[in-house]
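See below for the structure under consideration.
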Amino acid sequence: MIDNVVPVTRETLLAEAQRLADGGQRLISATAIDQGEYLEILYHFDKDLKLTHLKLEVKPGEEVPSISRVYFCAFIPENELKDLFGINISNIVIDYQGKFFLEDEAPRTPLLKSKPPEQGDPREVAR
Amino acid sequence: MPGRTVIPFGPQHPVFPEPLQLRLTMEEERVIDAVPALGYMHRGIEQLAQTKDYAQNVFLMERVCGICSFMHALCYCQSVESLLGIEAPPRARFMRTIQAELGRLQSHYLWLGLVADACGFESLFMQAWRNREMIMDCQEAVSGSRVTISTCAIGGCRRDWDDGVLQELTRRLDDVERSMDAIAPVFFEDPLVKQRTVGAGIITKQEATLLGAVGPVARASGIVEDMRRLGYAAYDELDFKPVVETSCDSYARMIVRLRETFQAINLIRQALKKMPAGEVLNKWKGTPEGEAISRVEQPRGELMYYIRSNGGKNPERLRIRTPTLSNIPSLVKMLKGSRLSDVPVIALSIDSCISCTER
C-alpha cells in the first residue's frame, strides 16, 4: 500500500493544495481510478523524495475545483483526467474542453468503465 | 500598441523529432503567450495495459518509448516487484544500473546532437551522434538489440552476461570517453553554441519547483532532485551525486546533460567493478494485490508508475507519468518574453519526448 495519504473533500481540496504548495511540495501528477460508483482521484506530491498523496472521491458528474491556480502545472493532469475519465474539473487555467489528448473522432472517456448513457457506444463515435 | 499574431510552431518542425505544437502569441518578435497542443499520436497504452497480464505488460511498457525503453520496463517491473514483495538478485540490480546508464548516454548524445544541429553546427551534431552509435553498439553487445533491448523482467534480468560481454563493454566505454573528451570543450566554450543558449529560456529555482520541473530542467535551475538518490537498482552502492547548475538557462540545461554523460560512464565503470556473481532472475508466482508507486530517473527526469491490483490477472489501473508531462509547464514559462528566433533552442532545451507523453 502507499503511505501518507490525506483524504480531502471537494471543499477542502484547494486549501490542502495551498498548504502543500506553501510547504514547498512539488506536484508530480494526478491519477484517477474508476471504482464503479465513484471515482477516486489521487494527487501525488513530493518533497525531498518523500511522497504525499491527496485522496478525493467524487461521484460521476460532480464538479471538482481545479488546483491549477495553486499549481499551474496541474493543468496537464487535470485536462488528462477530463479527457480520459470525463471528470468535471472547473476553472483549469488552460482548459482544452476534453480535447487535450483526444481528437473529435476518438472514443470519449476511454478509461471510464461505465459510460454515461447519453454518450452511447464509443465505437460509434469513433466511426 | 503593436498587433498580436498567433504562430503555430509545429507540429512538424525541424527541431521537433516528434509532433508537438506550440501556439505562440506574438507581439512583433516577442512571445507573449505559448499554449502547447498535444494529441497527434495518443496511443492509449494505459488502457491497453489493463487488458494484459503482468508479464505481458513488461513488453508493452518497453514500447512506450524507444529512447528510454529500458527505463519504462525497469520502473514497471519495480512497481510489480513491490506489490509481490520480491527483489531482483544483487547481480541483476547492477545489470539494471548499467543498462539504465547506457540508456542515459544514448539519450543525452542524441539530444546534444540535436542542439548542435539547432545551433547550425553540423559537424558537432555528427560527432555527438557518432558517440551515440558507439553506445547503441554497447546496447547491442549486452542485449542483442539496439533500441528495444528487452532485458528487464519482473524479478530481475532475462539473461546473464559472460566475461566477454563485460570486457567488450569496458573497451567501448574507453572509446566513447576519448571521443567525448575531444568534443565536450566545444559544447562548453564555442561562441556559436553559447550565443544561442546563454540567457535563453530562464526559469528560476522557485519557478521550477512550483511548475513541477524534473530532471536536467530542474537541476539546471539549482534544484538537487534526482530519483537515483532513492537508491533503486544498485545506485545505493555507488558513489553518486546529482549534477546541478545554477544559471537556469538553456546553456545550463545543456551543461547538466553534458556532465551527466561523463557521470554515466563513471557509474557504469563503478558498477562493472562491484557487480557480484550469482543469479539474475528471481522466479515469482501468483497475482499481486494492492497498490504501489515506483519512480526512476529517466534521461529526461522523474518517471513514475502507479499500479493498482485487485488480485486479478491484469492490473486494475496502471498510470504512467512521464518527465515531459512535467516539463511542459516550465517550457510555457520559459517561452514567455523570449524572441521568436530563440524558440527552437528553448523548446529543444527541455528534451521533450512526445512518444512518452502520448503513451
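Residues are named by chain letter and number: chains run A, B, ... in the order of the C-alpha cells, numbers start at 1 in each chain, and ligands are numbered from 1 in the order shown.
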
TODO: Run DSSP on the backbone and give me the residues of segment 172-358 of chain B it puts in strand (DSSP E), as a PyMOL selection string.
DONE: chain B and resi 289-298+301-310+317-321

Would you export the selected residues with C-alpha atoms as an mmCIF file, in the first residue's frame, please?
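Now in out-v1.cif:
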```cif
data_model
loop_
_atom_site.group_PDB
_atom_site.id
_atom_site.type_symbol
_atom_site.label_atom_id
_atom_site.label_comp_id
_atom_site.auth_asym_id
_atom_site.auth_seq_id
_atom_site.Cartn_x
_atom_site.Cartn_y
_atom_site.Cartn_z
ATOM 1 C CA GLU B 289 -2.641 -7.331 -4.874
ATOM 2 C CA GLY B 290 -2.634 -3.765 -3.552
ATOM 3 C CA GLU B 291 -1.168 -0.540 -4.896
ATOM 4 C CA ALA B 292 2.396 0.631 -5.419
ATOM 5 C CA ILE B 293 4.388 3.523 -6.824
ATOM 6 C CA SER B 294 7.780 3.257 -8.446
ATOM 7 C CA ARG B 295 9.968 6.150 -9.522
ATOM 8 C CA VAL B 296 13.172 6.133 -11.561
ATOM 9 C CA GLU B 297 15.367 8.828 -13.095
ATOM 10 C CA GLN B 298 14.879 8.648 -16.832
ATOM 11 C CA GLY B 301 13.767 13.262 -15.423
ATOM 12 C CA GLU B 302 11.479 11.530 -12.978
ATOM 13 C CA LEU B 303 9.340 8.718 -14.371
ATOM 14 C CA MET B 304 6.525 7.492 -12.134
ATOM 15 C CA TYR B 305 4.408 4.349 -12.379
ATOM 16 C CA TYR B 306 1.349 3.888 -10.190
ATOM 17 C CA ILE B 307 -0.154 0.428 -10.217
ATOM 18 C CA ARG B 308 -3.242 -0.912 -8.505
ATOM 19 C CA SER B 309 -4.223 -4.537 -8.489
ATOM 20 C CA ASN B 310 -7.299 -6.273 -7.113
ATOM 21 C CA ARG B 317 -5.122 0.576 -13.106
ATOM 22 C CA LEU B 318 -1.715 1.463 -14.441
ATOM 23 C CA ARG B 319 -0.750 5.112 -14.515
ATOM 24 C CA ILE B 320 2.375 6.339 -16.280
ATOM 25 C CA ARG B 321 3.615 9.877 -15.574
#
```

Go through segment 31-120 of chain A residue by residue and, counting only C-alpha atoms, keep those with an atom at most 12 Å from segment 49-62 of chain B; for each kept residue give the shortest atom pair and its distance in Å to one decimal, ordered by chain and increasing number, as CSV.
```
residue,atom,partner,partner_atom,distance
A:Ile33,CA,B:Gln50,CA,11.9
A:Pro110,CA,B:Gln50,CA,11.9
A:Leu111,CA,B:Gln50,CA,9.7
A:Lys113,CA,B:Gln50,CA,11.4
```

TODO: Tell me, as a count of residues only, which residues lie within 8 Å of segment 77-92 of chain A, counting only C-alpha atoms; anything in the same chain fewer than 6 positions away does not count.
DONE: 24

Could you produce a table of the residues of chain A lying within 6 Å of chain B, with the nearest pair of atoms per residue and their separation in Å rounded to one decimal, using only C-alpha atoms, ordered by chain and increasing residue number, as JSON lines?
```
{"residue": "A:Met1", "atom": "CA", "partner": "B:Glu291", "partner_atom": "CA", "distance": 5.1}
{"residue": "A:Ile2", "atom": "CA", "partner": "B:Ala292", "partner_atom": "CA", "distance": 5.9}
{"residue": "A:Arg26", "atom": "CA", "partner": "B:Gly212", "partner_atom": "CA", "distance": 5.5}
{"residue": "A:Leu27", "atom": "CA", "partner": "B:Gly212", "partner_atom": "CA", "distance": 5.7}
{"residue": "A:Cys73", "atom": "CA", "partner": "B:Leu211", "partner_atom": "CA", "distance": 5.2}
{"residue": "A:Phe101", "atom": "CA", "partner": "B:Gly39", "partner_atom": "CA", "distance": 3.9}
{"residue": "A:Leu102", "atom": "CA", "partner": "B:Gly39", "partner_atom": "CA", "distance": 5.8}
```

Open item on the list: For Val6 of chain A, find every residue with an atom within 8 Å (counting only C-alpha atoms), except residues of its own chain fewer than 5 positions away, and show them as a VMD selection string.
Closed with: chain A and resid 52 to 55

- [ ] Can you pull out every residue within 8 Å of Val70 of chain A, counting only C-alpha atoms, but drop anything in the same chain fewer than 4 positions away, and send it as a list in words?
- [x] Leu14, Ala17, Gln18 and Ala21 of chain A

Residues from the last selection, C-alpha atoms, saved as a compact mmCIF listing (two decimals), in the first residue's frame:
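To be explicit, this is the file written out as part_9.txt:
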```txt
# COMPACT_ATOMS: atom_id res chain seq x y z
CA LEU A 14 -7.84 23.79 -2.66
CA ALA A 17 -3.16 22.01 -2.13
CA GLN A 18 -2.25 25.53 -0.99
CA ALA A 21 2.48 24.43 -2.04
```
